[in-house]
>>> print(open('my_file_24.pdb').read())   # PDB, C-alpha atoms and all ligand atoms
MODEL        1
ATOM      1  CA  MET A   1      -3.633 -24.000  20.482
ATOM      2  CA  PRO A   2      -1.713 -21.369  18.504
ATOM      3  CA  ASN A   3       2.059 -21.741  18.723
ATOM      4  CA  TYR A   4       2.642 -17.979  18.997
ATOM      5  CA  VAL A   5       0.712 -15.268  20.813
ATOM      6  CA  LEU A   6       1.727 -11.957  19.296
ATOM      7  CA  LYS A   7       0.703  -8.349  19.817
ATOM      8  CA  VAL A   8      -0.295  -5.936  17.071
ATOM      9  CA  SER A   9       2.655  -3.553  16.894
ATOM     10  CA  GLU A  10       1.724  -1.481  13.839
ATOM     11  CA  LEU A  11      -1.229  -0.909  11.520
ATOM     12  CA  VAL A  12      -0.684   0.672   8.121
ATOM     13  CA  GLN A  13      -3.608   1.877   6.025
ATOM     14  CA  LEU A  14      -2.803   0.830   2.455
ATOM     15  CA  SER A  15      -6.070   1.737   0.729
ATOM     16  CA  PRO A  16      -9.602   2.586   1.847
ATOM     17  CA  THR A  17     -10.257  -1.154   2.265
ATOM     18  CA  ALA A  18      -6.895  -2.661   3.188
ATOM     19  CA  LYS A  19      -4.353  -2.575   5.991
ATOM     20  CA  ALA A  20      -0.964  -4.071   6.728
ATOM     21  CA  VAL A  21      -1.096  -5.658  10.165
ATOM     22  CA  ARG A  22       2.272  -6.076  11.887
ATOM     23  CA  LEU A  23       2.662  -8.412  14.830
ATOM     24  CA  GLY A  24       5.720  -7.831  17.000
ATOM     25  CA  LEU A  25       8.005 -10.865  17.334
ATOM     26  CA  ASP A  26       9.793  -9.505  20.424
ATOM     27  CA  GLY A  27      12.905 -11.529  19.715
ATOM     28  CA  LYS A  28      11.045 -14.802  19.065
ATOM     29  CA  PRO A  29      12.351 -16.498  15.914
ATOM     30  CA  PHE A  30       9.739 -17.236  13.254
ATOM     31  CA  ILE A  31      11.085 -19.227  10.334
ATOM     32  CA  PHE A  32       9.132 -19.348   7.085
ATOM     33  CA  GLN A  33       9.518 -19.248   3.323
ATOM     34  CA  PRO A  34       8.385 -16.190   1.316
ATOM     35  CA  GLY A  35       4.845 -16.998   0.134
ATOM     36  CA  GLN A  36       3.701 -19.110   3.088
ATOM     37  CA  PHE A  37       0.730 -18.345   5.320
ATOM     38  CA  VAL A  38      -0.253 -18.528   8.994
ATOM     39  CA  MET A  39      -3.536 -19.227  10.752
ATOM     40  CA  MET A  40      -4.570 -16.248  12.844
ATOM     41  CA  GLU A  41      -6.971 -16.643  15.702
ATOM     42  CA  LEU A  42      -8.544 -13.943  17.816
ATOM     43  CA  ASP A  43     -11.444 -13.023  20.041
ATOM     44  CA  LEU A  44     -13.469 -10.527  18.023
ATOM     45  CA  GLU A  45     -15.434  -9.315  21.041
ATOM     46  CA  LYS A  46     -12.505  -8.803  23.399
ATOM     47  CA  THR A  47     -12.293  -5.039  22.974
ATOM     48  CA  GLY A  48     -16.085  -4.619  22.956
ATOM     49  CA  ARG A  49     -16.062  -2.684  19.681
ATOM     50  CA  PHE A  50     -17.338  -5.461  17.416
ATOM     51  CA  LYS A  51     -20.348  -7.759  17.679
ATOM     52  CA  VAL A  52     -20.398 -11.266  16.237
ATOM     53  CA  LYS A  53     -23.880 -12.010  14.914
ATOM     54  CA  GLY A  54     -25.915 -15.065  13.953
ATOM     55  CA  GLY A  55     -24.756 -17.286  16.818
ATOM     56  CA  LYS A  56     -21.237 -17.568  15.395
ATOM     57  CA  SER A  57     -18.293 -18.012  17.757
ATOM     58  CA  LYS A  58     -16.495 -14.880  18.916
ATOM     59  CA  ILE A  59     -13.234 -16.799  18.464
ATOM     60  CA  GLN A  60     -12.480 -16.857  14.754
ATOM     61  CA  LYS A  61      -9.557 -18.250  12.784
ATOM     62  CA  ARG A  62      -8.508 -17.338   9.238
ATOM     63  CA  PRO A  63      -5.467 -18.005   7.050
ATOM     64  CA  PHE A  64      -3.377 -14.997   6.001
ATOM     65  CA  SER A  65      -0.219 -14.971   3.905
ATOM     66  CA  MET A  66       2.811 -13.152   5.208
ATOM     67  CA  SER A  67       3.662 -10.086   3.150
ATOM     68  CA  SER A  68       6.849  -9.515   5.162
ATOM     69  CA  THR A  69       9.980 -11.516   4.452
ATOM     70  CA  PRO A  70      11.821 -14.029   6.622
ATOM     71  CA  LEU A  71      14.584 -11.394   6.854
ATOM     72  CA  GLN A  72      12.267  -9.088   8.798
ATOM     73  CA  GLN A  73      12.759 -10.286  12.349
ATOM     74  CA  LYS A  74      11.001  -7.449  14.179
ATOM     75  CA  TYR A  75       7.500  -8.383  13.057
ATOM     76  CA  LEU A  76       5.302 -10.653  10.964
ATOM     77  CA  GLU A  77       3.229  -8.667   8.524
ATOM     78  CA  VAL A  78       0.007  -9.666   6.777
ATOM     79  CA  THR A  79      -1.868  -7.587   4.217
ATOM     80  CA  VAL A  80      -5.614  -7.787   4.750
ATOM     81  CA  LYS A  81      -8.303  -6.474   2.423
ATOM     82  CA  THR A  82     -12.003  -6.531   3.162
ATOM     83  CA  THR A  83     -14.162  -8.505   0.787
ATOM     84  CA  GLU A  84     -17.639  -7.537  -0.512
ATOM     85  CA  ASP A  85     -19.284  -9.578   2.245
ATOM     86  CA  SER A  86     -16.623  -9.517   4.898
ATOM     87  CA  PHE A  87     -16.472 -10.595   8.525
ATOM     88  CA  VAL A  88     -13.048 -11.321  10.015
ATOM     89  CA  SER A  89     -11.319  -9.241   7.327
ATOM     90  CA  ASP A  90     -13.654  -6.350   8.271
ATOM     91  CA  TYR A  91     -12.514  -6.794  11.868
ATOM     92  CA  PHE A  92      -8.845  -6.761  10.869
ATOM     93  CA  VAL A  93      -9.156  -3.660   8.702
ATOM     94  CA  ASN A  94     -11.656  -1.603  10.699
ATOM     95  CA  TYR A  95     -11.593  -2.710  14.342
ATOM     96  CA  LEU A  96      -8.242  -4.282  15.263
ATOM     97  CA  GLN A  97      -6.306  -2.154  17.772
ATOM     98  CA  LEU A  98      -2.616  -1.662  18.494
ATOM     99  CA  GLY A  99      -1.566  -3.938  21.368
ATOM    100  CA  GLU A 100      -4.337  -6.465  20.693
ATOM    101  CA  VAL A 101      -3.331 -10.097  20.983
ATOM    102  CA  VAL A 102      -3.494 -12.521  18.043
ATOM    103  CA  GLY A 103      -2.847 -16.272  18.137
ATOM    104  CA  VAL A 104      -0.633 -17.387  15.276
ATOM    105  CA  THR A 105      -0.031 -20.949  14.083
ATOM    106  CA  GLY A 106       2.238 -21.890  11.236
ATOM    107  CA  PRO A 107       3.857 -21.388   8.857
ATOM    108  CA  PHE A 108       1.916 -23.478   6.357
ATOM    109  CA  GLY A 109       1.718 -23.972   2.616
ATOM    110  CA  LYS A 110       3.587 -25.214  -0.402
ATOM    111  CA  PHE A 111       3.238 -21.915  -2.265
ATOM    112  CA  PHE A 112       6.629 -20.374  -1.694
ATOM    113  CA  LEU A 113       9.657 -19.132  -3.524
ATOM    114  CA  ASP A 114      12.225 -21.876  -3.741
ATOM    115  CA  GLU A 115      15.425 -19.869  -4.212
ATOM    116  CA  LYS A 116      17.523 -22.920  -4.956
ATOM    117  CA  SER A 117      15.487 -24.349  -7.801
ATOM    118  CA  ALA A 118      14.056 -21.074  -9.149
ATOM    119  CA  LYS A 119      14.261 -20.330 -12.879
ATOM    120  CA  PRO A 120      16.233 -17.208 -13.910
ATOM    121  CA  ASN A 121      12.932 -15.325 -14.350
ATOM    122  CA  ILE A 122       9.921 -15.135 -12.083
ATOM    123  CA  MET A 123       6.548 -13.676 -12.873
ATOM    124  CA  LEU A 124       4.336 -12.736  -9.927
ATOM    125  CA  ILE A 125       0.695 -12.494 -11.003
ATOM    126  CA  GLY A 126      -1.888 -11.294  -8.486
ATOM    127  CA  ALA A 127      -5.196  -9.562  -7.969
ATOM    128  CA  GLY A 128      -6.403  -7.590  -4.932
ATOM    129  CA  SER A 129      -5.214  -9.040  -1.628
ATOM    130  CA  GLY A 130      -3.435 -11.740  -3.661
ATOM    131  CA  ILE A 131      -0.446  -9.396  -3.762
ATOM    132  CA  SER A 132       0.319 -10.353  -0.158
ATOM    133  CA  PRO A 133       2.538 -13.474  -0.609
ATOM    134  CA  LEU A 134       3.896 -12.052  -3.878
ATOM    135  CA  MET A 135       5.073  -9.002  -1.948
ATOM    136  CA  SER A 136       6.970 -11.278   0.411
ATOM    137  CA  MET A 137       8.670 -12.953  -2.565
ATOM    138  CA  LEU A 138       9.417  -9.641  -4.313
ATOM    139  CA  ARG A 139      10.889  -8.085  -1.166
ATOM    140  CA  HIS A 140      12.912 -11.221  -0.501
ATOM    141  CA  ILE A 141      14.442 -11.292  -3.999
ATOM    142  CA  TYR A 142      15.179  -7.563  -3.739
ATOM    143  CA  GLN A 143      16.580  -7.555  -0.208
ATOM    144  CA  LYS A 144      18.755 -10.628  -0.767
ATOM    145  CA  ASN A 145      19.848  -9.356  -4.174
ATOM    146  CA  LEU A 146      19.043 -12.747  -5.708
ATOM    147  CA  LYS A 147      19.937 -13.148  -9.354
ATOM    148  CA  ILE A 148      16.332 -13.608 -10.428
ATOM    149  CA  ARG A 149      14.618 -11.243 -12.886
ATOM    150  CA  THR A 150      11.193 -10.499 -11.478
ATOM    151  CA  HIS A 151       8.133  -9.089 -13.217
ATOM    152  CA  THR A 152       5.008  -8.304 -11.197
ATOM    153  CA  LEU A 153       1.618  -8.199 -12.922
ATOM    154  CA  TYR A 154      -0.988  -6.833 -10.545
ATOM    155  CA  SER A 155      -4.691  -6.381 -11.258
ATOM    156  CA  ASN A 156      -7.155  -4.258  -9.290
ATOM    157  CA  ARG A 157     -10.535  -2.767  -9.932
ATOM    158  CA  THR A 158      -9.585   0.853  -9.248
ATOM    159  CA  GLU A 159      -6.389   2.881  -8.848
ATOM    160  CA  ASN A 160      -6.855   3.517  -5.133
ATOM    161  CA  GLU A 161      -7.031  -0.250  -4.528
ATOM    162  CA  ILE A 162      -3.454  -0.870  -5.734
ATOM    163  CA  LEU A 163      -1.658  -2.101  -2.621
ATOM    164  CA  TRP A 164       2.057  -1.468  -1.984
ATOM    165  CA  ARG A 165       2.174   0.654  -5.143
ATOM    166  CA  LYS A 166       5.031   2.968  -4.114
ATOM    167  CA  GLU A 167       7.213   0.107  -2.917
ATOM    168  CA  ILE A 168       6.642  -1.960  -6.075
ATOM    169  CA  GLU A 169       7.437   1.108  -8.217
ATOM    170  CA  SER A 170      10.519   1.887  -6.185
ATOM    171  CA  ILE A 171      11.857  -1.692  -6.463
ATOM    172  CA  SER A 172      11.259  -1.598 -10.243
ATOM    173  CA  SER A 173      13.179   1.647 -10.582
ATOM    174  CA  SER A 174      16.088   0.323  -8.500
ATOM    175  CA  SER A 175      17.420  -2.182 -11.028
ATOM    176  CA  LYS A 176      16.733  -3.606 -14.478
ATOM    177  CA  ASN A 177      16.079  -6.966 -12.788
ATOM    178  CA  PHE A 178      12.694  -5.718 -11.633
ATOM    179  CA  SER A 179       9.659  -4.567 -13.584
ATOM    180  CA  HIS A 180       5.910  -4.404 -13.078
ATOM    181  CA  GLU A 181       2.626  -3.611 -14.726
ATOM    182  CA  PHE A 182      -0.519  -2.559 -12.901
ATOM    183  CA  THR A 183      -3.833  -3.009 -14.632
ATOM    184  CA  LEU A 184      -7.303  -1.752 -13.670
ATOM    185  CA  THR A 185     -10.516  -3.544 -14.572
ATOM    186  CA  ARG A 186     -13.176  -1.015 -13.520
ATOM    187  CA  GLU A 187     -11.609   2.392 -14.080
ATOM    188  CA  SER A 188      -9.701   4.165 -16.827
ATOM    189  CA  TRP A 189      -6.374   5.809 -15.963
ATOM    190  CA  LYS A 190      -3.036   6.649 -17.517
ATOM    191  CA  GLY A 191      -1.907   3.026 -17.236
ATOM    192  CA  THR A 192      -3.028  -0.364 -18.516
ATOM    193  CA  THR A 193      -6.660  -1.394 -18.272
ATOM    194  CA  GLY A 194      -8.475  -4.724 -18.567
ATOM    195  CA  ARG A 195      -7.857  -8.191 -17.245
ATOM    196  CA  ILE A 196      -4.392  -9.676 -17.352
ATOM    197  CA  ASN A 197      -3.990 -11.185 -20.823
ATOM    198  CA  LYS A 198      -1.509 -12.918 -23.104
ATOM    199  CA  ASP A 199      -0.074  -9.605 -24.390
ATOM    200  CA  MET A 200       0.769  -8.429 -20.866
ATOM    201  CA  ILE A 201       2.601 -11.680 -20.137
ATOM    202  CA  VAL A 202       4.502 -11.679 -23.443
ATOM    203  CA  GLY A 203       5.092  -7.912 -22.993
ATOM    204  CA  SER A 204       7.308  -8.640 -19.973
ATOM    205  CA  GLY A 205      10.013  -9.529 -22.506
ATOM    206  CA  PHE A 206      10.816 -12.691 -20.547
ATOM    207  CA  ASN A 207      11.785 -15.949 -22.189
ATOM    208  CA  LEU A 208       8.678 -17.783 -20.966
ATOM    209  CA  SER A 209      10.350 -21.178 -21.090
ATOM    210  CA  GLU A 210      12.844 -19.907 -18.493
ATOM    211  CA  THR A 211      10.202 -18.447 -16.189
ATOM    212  CA  ASP A 212       8.375 -19.656 -13.070
ATOM    213  CA  PHE A 213       4.895 -18.235 -12.496
ATOM    214  CA  TYR A 214       3.346 -17.532  -9.104
ATOM    215  CA  LEU A 215      -0.407 -16.834  -9.083
ATOM    216  CA  CYS A 216      -2.476 -15.578  -6.159
ATOM    217  CA  GLY A 217      -6.006 -14.249  -5.793
ATOM    218  CA  SER A 218      -9.642 -15.367  -5.846
ATOM    219  CA  PRO A 219     -10.553 -18.823  -7.202
ATOM    220  CA  ASP A 220     -11.871 -17.316 -10.464
ATOM    221  CA  PHE A 221      -8.788 -15.172 -10.967
ATOM    222  CA  VAL A 222      -6.355 -18.037 -10.371
ATOM    223  CA  LYS A 223      -8.341 -20.376 -12.632
ATOM    224  CA  MET A 224      -8.376 -17.793 -15.423
ATOM    225  CA  MET A 225      -4.645 -17.113 -15.143
ATOM    226  CA  GLU A 226      -3.789 -20.796 -15.038
ATOM    227  CA  LYS A 227      -5.841 -21.373 -18.207
ATOM    228  CA  LEU A 228      -4.145 -18.454 -19.931
ATOM    229  CA  LEU A 229      -0.670 -19.733 -19.080
ATOM    230  CA  THR A 230      -1.123 -23.437 -19.688
ATOM    231  CA  GLU A 231      -3.613 -23.406 -22.583
ATOM    232  CA  GLU A 232      -2.895 -20.189 -24.492
ATOM    233  CA  LEU A 233       0.811 -19.945 -23.785
ATOM    234  CA  ASN A 234       1.591 -23.663 -23.435
ATOM    235  CA  ILE A 235       3.465 -23.216 -20.172
ATOM    236  CA  ASN A 236       4.137 -26.486 -18.387
ATOM    237  CA  ASN A 237       1.831 -26.823 -15.365
ATOM    238  CA  GLU A 238       4.783 -27.625 -13.114
ATOM    239  CA  ARG A 239       6.061 -24.080 -13.530
ATOM    240  CA  VAL A 240       2.736 -22.522 -12.501
ATOM    241  CA  LYS A 241       2.412 -22.247  -8.713
ATOM    242  CA  LYS A 242      -0.872 -21.183  -7.183
ATOM    243  CA  GLU A 243      -2.407 -19.890  -3.963
ATOM    244  CA  VAL A 244      -6.181 -19.583  -3.966
ATOM    245  CA  TYR A 245      -7.944 -17.278  -1.503
ATOM    246  CA  ASN A 246     -11.354 -18.791  -0.909
TER     247      ASN A 246
HETATM  248  C1  LIG A 301      -4.017 -19.755   2.185
HETATM  249  C2  LIG A 301      -4.837 -18.482   2.310
HETATM  250  C3  LIG A 301      -4.166 -17.279   2.544
HETATM  251  C4  LIG A 301      -4.905 -16.099   2.633
HETATM  252  N1  LIG A 301      -4.237 -14.911   2.807
HETATM  253  C5  LIG A 301      -4.919 -13.757   2.807
HETATM  254  C6  LIG A 301      -4.214 -12.503   2.884
HETATM  255  O1  LIG A 301      -2.990 -12.451   2.960
HETATM  256  N2  LIG A 301      -4.963 -11.374   2.888
HETATM  257  C7  LIG A 301      -6.344 -11.399   2.810
HETATM  258  O2  LIG A 301      -6.958 -10.320   2.818
HETATM  259  N3  LIG A 301      -7.003 -12.565   2.728
HETATM  260  C8  LIG A 301      -6.342 -13.726   2.730
HETATM  261  N4  LIG A 301      -7.031 -14.923   2.650
HETATM  262  C9  LIG A 301      -8.500 -14.894   2.751
HETATM  263  C10 LIG A 301      -8.916 -14.817   4.236
HETATM  264  O3  LIG A 301      -8.411 -15.915   4.957
HETATM  265  C11 LIG A 301     -10.444 -14.829   4.423
HETATM  266  O4  LIG A 301     -10.957 -15.972   3.811
HETATM  267  C12 LIG A 301     -11.091 -13.623   3.845
HETATM  268  O5  LIG A 301     -10.561 -12.476   4.472
HETATM  269  C13 LIG A 301     -12.593 -13.659   4.043
HETATM  270  O6  LIG A 301     -12.884 -13.876   5.407
HETATM  271  P1  LIG A 301     -14.073 -13.132   6.122
HETATM  272  O7  LIG A 301     -14.222 -13.669   7.497
HETATM  273  O8  LIG A 301     -13.944 -11.643   5.986
HETATM  274  O9  LIG A 301     -15.331 -13.549   5.244
HETATM  275  P2  LIG A 301     -16.181 -14.916   5.309
HETATM  276  O10 LIG A 301     -15.489 -15.981   6.063
HETATM  277  O11 LIG A 301     -16.548 -15.185   3.884
HETATM  278  O12 LIG A 301     -17.443 -14.464   6.141
HETATM  279  C14 LIG A 301     -18.404 -13.615   5.550
HETATM  280  C15 LIG A 301     -19.772 -13.950   6.154
HETATM  281  O13 LIG A 301     -19.815 -13.483   7.501
HETATM  282  C16 LIG A 301     -21.009 -12.681   7.673
HETATM  283  N5  LIG A 301     -20.725 -11.619   8.650
HETATM  284  C17 LIG A 301     -20.354 -10.333   8.442
HETATM  285  N6  LIG A 301     -20.222  -9.665   9.591
HETATM  286  C18 LIG A 301     -20.545 -10.529  10.579
HETATM  287  C19 LIG A 301     -20.633 -10.428  11.993
HETATM  288  N7  LIG A 301     -20.370  -9.306  12.637
HETATM  289  N8  LIG A 301     -20.977 -11.531  12.704
HETATM  290  C20 LIG A 301     -21.254 -12.693  12.089
HETATM  291  N9  LIG A 301     -21.219 -12.865  10.729
HETATM  292  C21 LIG A 301     -20.864 -11.790   9.992
HETATM  293  C22 LIG A 301     -21.265 -12.092   6.295
HETATM  294  O14 LIG A 301     -22.623 -11.716   6.168
HETATM  295  C23 LIG A 301     -20.884 -13.250   5.384
HETATM  296  O15 LIG A 301     -21.948 -14.154   5.232
HETATM  297  C24 LIG A 301      -6.324 -16.113   2.532
HETATM  298  C25 LIG A 301      -6.990 -17.339   2.307
HETATM  299  C26 LIG A 301      -6.242 -18.492   2.192
HETATM  300  C27 LIG A 301      -6.981 -19.787   1.927
ENDMDL
END
>>> encode(input="my_file_24.pdb", output="structure tokens", more="lines below")
Ligand SMILES: Cc1cc2nc3c(=O)[nH]c(=O)nc-3n(C[C@H](O)[C@H](O)[C@H](O)COP(=O)(O)OP(=O)(O)OC[C@H]3O[C@@H](n4cnc5c(N)ncnc54)[C@H](O)[C@@H]3O)c2cc1C
Amino acid sequence: MPNYVLKVSELVQLSPTAKAVRLGLDGKPFIFQPGQFVMMELDLEKTGRFKVKGGKSKIQKRPFSMSSTPLQQKYLEVTVKTTEDSFVSDYFVNYLQLGEVVGVTGPFGKFFLDEKSAKPNIMLIGAGSGISPLMSMLRHIYQKNLKIRTHTLYSNRTENEILWRKEIESISSSSKNFSHEFTLTRESWKGTTGRINKDMIVGSGFNLSETDFYLCGSPDFVKMMEKLLTEELNINNERVKKEVYN
């Protein structure tokens, strides 16, 4: 049984394939750490707009990271992006309605920003929907004015897939404690192109021995980034924290 039953209070289109889904907390406290996730459960056939095929259950459950911060007490927000072969994420992005009810259990996960033991620098490295928990951490550091320099490295295939672009840019322009680099892997543009590499990490200007790294994205992406950090840049594994979306 989910420990919260929350209603969709807002839906924000972030790109052609992604939405922020906000679930109203209506005064209920929900305590979590920036970076953690919840299990969301819902009846995909309840509104009659979506059909579950292949004998699968109409009640489906998936993990989603919070992209909102613990300071946001009006709603819990998740950032959902459809995948190439999507099912529940397709429902969230293309069928979910305002007022619909979602069962929420959690929070879960060891991938979170530990303010107390954090290094002076943090590098958030994500791809696609992997920005979701990193956004929670970035917003948290910004809103609480924590003395942590934060660099966000965010990879997408195309420019219109960059999620939360304006907010990330605005946080970076607010103070010298924040910076970011977006890179595209399938399109040329005025900015950086290609997969996240050693030069982009070194280019942050951070003292890497005084930096914690937070990685989030597909299994291949996280594996590649972990290899880059630990093998090419000799970063101690303990300072590389990972969330894998599989
Ligand atoms: C800790 C964690 C946190 C995560 N956080 C996020 C997050 O913040 N944001 C995010 O976007 N993702 C997140 N994910 C990933 C997310 O939980 C899902 O795994 C992802 O969205 C894919 O789920 P899906 O149901 O769309 O696809 P799958 O579970 O892979 O299902 C796809 C399959 O369903 C079939 N299918 C398609 N339509 C139908 C239908 N109508 N009826 C029956 N079958 C159908 C397809 O043909 C395909 O075979 C997270 C994962 C983890 C582990």
>>> closest_atom_pairs(input="my_file_24.pdb", of="chain A", to="ligand LIG 301 (chain A)", cutoff="9 Å", atoms="only C-alpha atoms and all ligand atoms", output="CSV")
residue,atom,partner,partner_atom,distance
A:Ala18,CA,A:LIG301,O2,7.7
A:Lys19,CA,A:LIG301,O2,8.8
A:Gln36,CA,A:LIG301,C1,7.8
A:Phe37,CA,A:LIG301,C3,5.7
A:Val38,CA,A:LIG301,C3,7.6
A:Met39,CA,A:LIG301,O3,8.3
A:Met40,CA,A:LIG301,O3,8.8
A:Leu44,CA,A:LIG301,N7,8.8
A:Phe50,CA,A:LIG301,N7,6.8
A:Lys51,CA,A:LIG301,N7,5.3
A:Val52,CA,A:LIG301,N8,3.6
A:Lys53,CA,A:LIG301,N8,3.7
A:Gly54,CA,A:LIG301,C20,5.6
A:Gly55,CA,A:LIG301,C20,7.5
A:Lys56,CA,A:LIG301,C20,5.9
A:Ser57,CA,A:LIG301,C20,8.3
A:Lys58,CA,A:LIG301,N8,8.4
A:Gln60,CA,A:LIG301,O7,8.1
A:Lys61,CA,A:LIG301,O3,8.2
A:Arg62,CA,A:LIG301,O3,4.5
A:Pro63,CA,A:LIG301,O3,4.2
A:Phe64,CA,A:LIG301,N1,3.3
A:Ser65,CA,A:LIG301,O1,3.9
A:Met66,CA,A:LIG301,O1,6.3
A:Ser67,CA,A:LIG301,O1,7.1
A:Val78,CA,A:LIG301,O1,5.6
A:Thr79,CA,A:LIG301,N2,5.1
A:Val80,CA,A:LIG301,O2,3.5
A:Lys81,CA,A:LIG301,O2,4.1
A:Thr82,CA,A:LIG301,O8,6.2
A:Thr83,CA,A:LIG301,O8,6.1
A:Glu84,CA,A:LIG301,O8,8.5
A:Asp85,CA,A:LIG301,C23,5.1
A:Ser86,CA,A:LIG301,O8,3.6
A:Phe87,CA,A:LIG301,O8,3.7
A:Val88,CA,A:LIG301,O7,3.6
A:Ser89,CA,A:LIG301,O8,3.8
A:Asp90,CA,A:LIG301,O8,5.8
A:Tyr91,CA,A:LIG301,O8,7.8
A:Phe92,CA,A:LIG301,O8,8.6
A:Phe108,CA,A:LIG301,C1,8.2
A:Gly109,CA,A:LIG301,C1,7.1
A:Phe111,CA,A:LIG301,C1,8.8
A:Gly128,CA,A:LIG301,O2,8.2
A:Ser129,CA,A:LIG301,O2,4.9
A:Gly130,CA,A:LIG301,C6,6.6
A:Ile131,CA,A:LIG301,O1,7.8
A:Ser132,CA,A:LIG301,O1,5.0
A:Pro133,CA,A:LIG301,O1,6.7
A:Gly217,CA,A:LIG301,N4,8.5
A:Ser218,CA,A:LIG301,C9,8.7
A:Glu243,CA,A:LIG301,C1,6.4
A:Val244,CA,A:LIG301,C27,6.0
A:Tyr245,CA,A:LIG301,C25,3.9
A:Asn246,CA,A:LIG301,C27,5.3
>>> closest_residue(input="my_file_24.pdb", among="A:Asn236, A:Thr192, A:Gln33, A:Gln143", to="Gly106 (chain A)", atoms="all atoms listed in the file")
A:Gln33
>>> resolve_selection(input="my_file_24.pdb", expression="the PyMOL selection byres (((chain A and resi 154-158) around 9) and not hetatm)", output="ChimeraX atom specification")
/A:124-128,130-131,152-153,159-163,180-189,193-196
>>> closest_residue(input="my_file_24.pdb", among="A:Val102, A:Val240, A:Leu76, A:Leu71", to="Ala118 (chain A)", atoms="only C-alpha atoms")
A:Val240
>>> atom_distance(input="my_file_24.pdb", atom1="CA of Asn207 (chain A)", atom2="CA of His151 (chain A)")
11.9 Å
>>> atom_distance(input="my_file_24.pdb", atom1="CA of Met200 (chain A)", atom2="CA of Ile168 (chain A)")
17.2 Å
>>> closest_residue(input="my_file_24.pdb", among="A:Lys116, A:Trp164, A:Glu77, A:Ser136", to="Ser15 (chain A)", atoms="all atoms listed in the file")
A:Trp164
>>> residues_around(input="my_file_24.pdb", residues="Lys242 (chain A)", least_positions_apart="4", cutoff="10 Å", atoms="only C-alpha atoms", output="VMD selection string")
chain A and resid 110 to 112 125 213 to 217 219 222 to 223 225 to 226
>>> resolve_selection(input="my_file_24.pdb", expression="the PyMOL selection byres (((chain A and resi 11) around 6) and not hetatm)", output="list in words")
Glu10, Val12, Ala20 and Val21 of chain A
>>> write_last_selection(input="my_file_24.pdb", atoms="C-alpha atoms", output="PDB file, keeping the file's coordinate frame")
ATOM      1  CA  GLU A  10       1.724  -1.481  13.839  1.00  0.00           C
ATOM      2  CA  VAL A  12      -0.684   0.672   8.121  1.00  0.00           C
ATOM      3  CA  ALA A  20      -0.964  -4.071   6.728  1.00  0.00           C
ATOM      4  CA  VAL A  21      -1.096  -5.658  10.165  1.00  0.00           C
TER       5      VAL A  21
END
>>> closest_residue(input="my_file_24.pdb", among="A:Phe178, A:Val101, A:Asp199, A:Asn121", to="Tyr142 (chain A)", atoms="all atoms listed in the file")
A:Phe178
>>> atom_distance(input="my_file_24.pdb", atom1="CA of Arg139 (chain A)", atom2="CA of Thr69 (chain A)")
6.6 Å
>>> resolve_selection(input="my_file_24.pdb", expression="the PyMOL selection byres (((chain A and resi 9) around 10) and not hetatm)", output="VMD selection string")
chain A and resid 6 to 8 10 to 11 21 to 26 74 to 77 97 to 101
>>> axis_aligned_box(input="my_file_24.pdb", around="region 185-194 of chain A", padding_each_side="3 Å", output="lines of an AutoDock Vina configuration file")
center_x = -7.5
center_y = 1.0
center_z = -16.0
size_x = 17.3
size_y = 17.4
size_z = 11.0
>>> closest_residue(input="my_file_24.pdb", among="A:Leu113, A:Ile31, A:Ile122, A:Val5", to="Glu210 (chain A)", atoms="all atoms listed in the file")
A:Ile122
>>> closest_residue(input="my_file_24.pdb", among="A:Tyr95, A:Ile141, A:Met123, A:Met1", to="Pro70 (chain A)", atoms="all atoms listed in the file")
A:Ile141
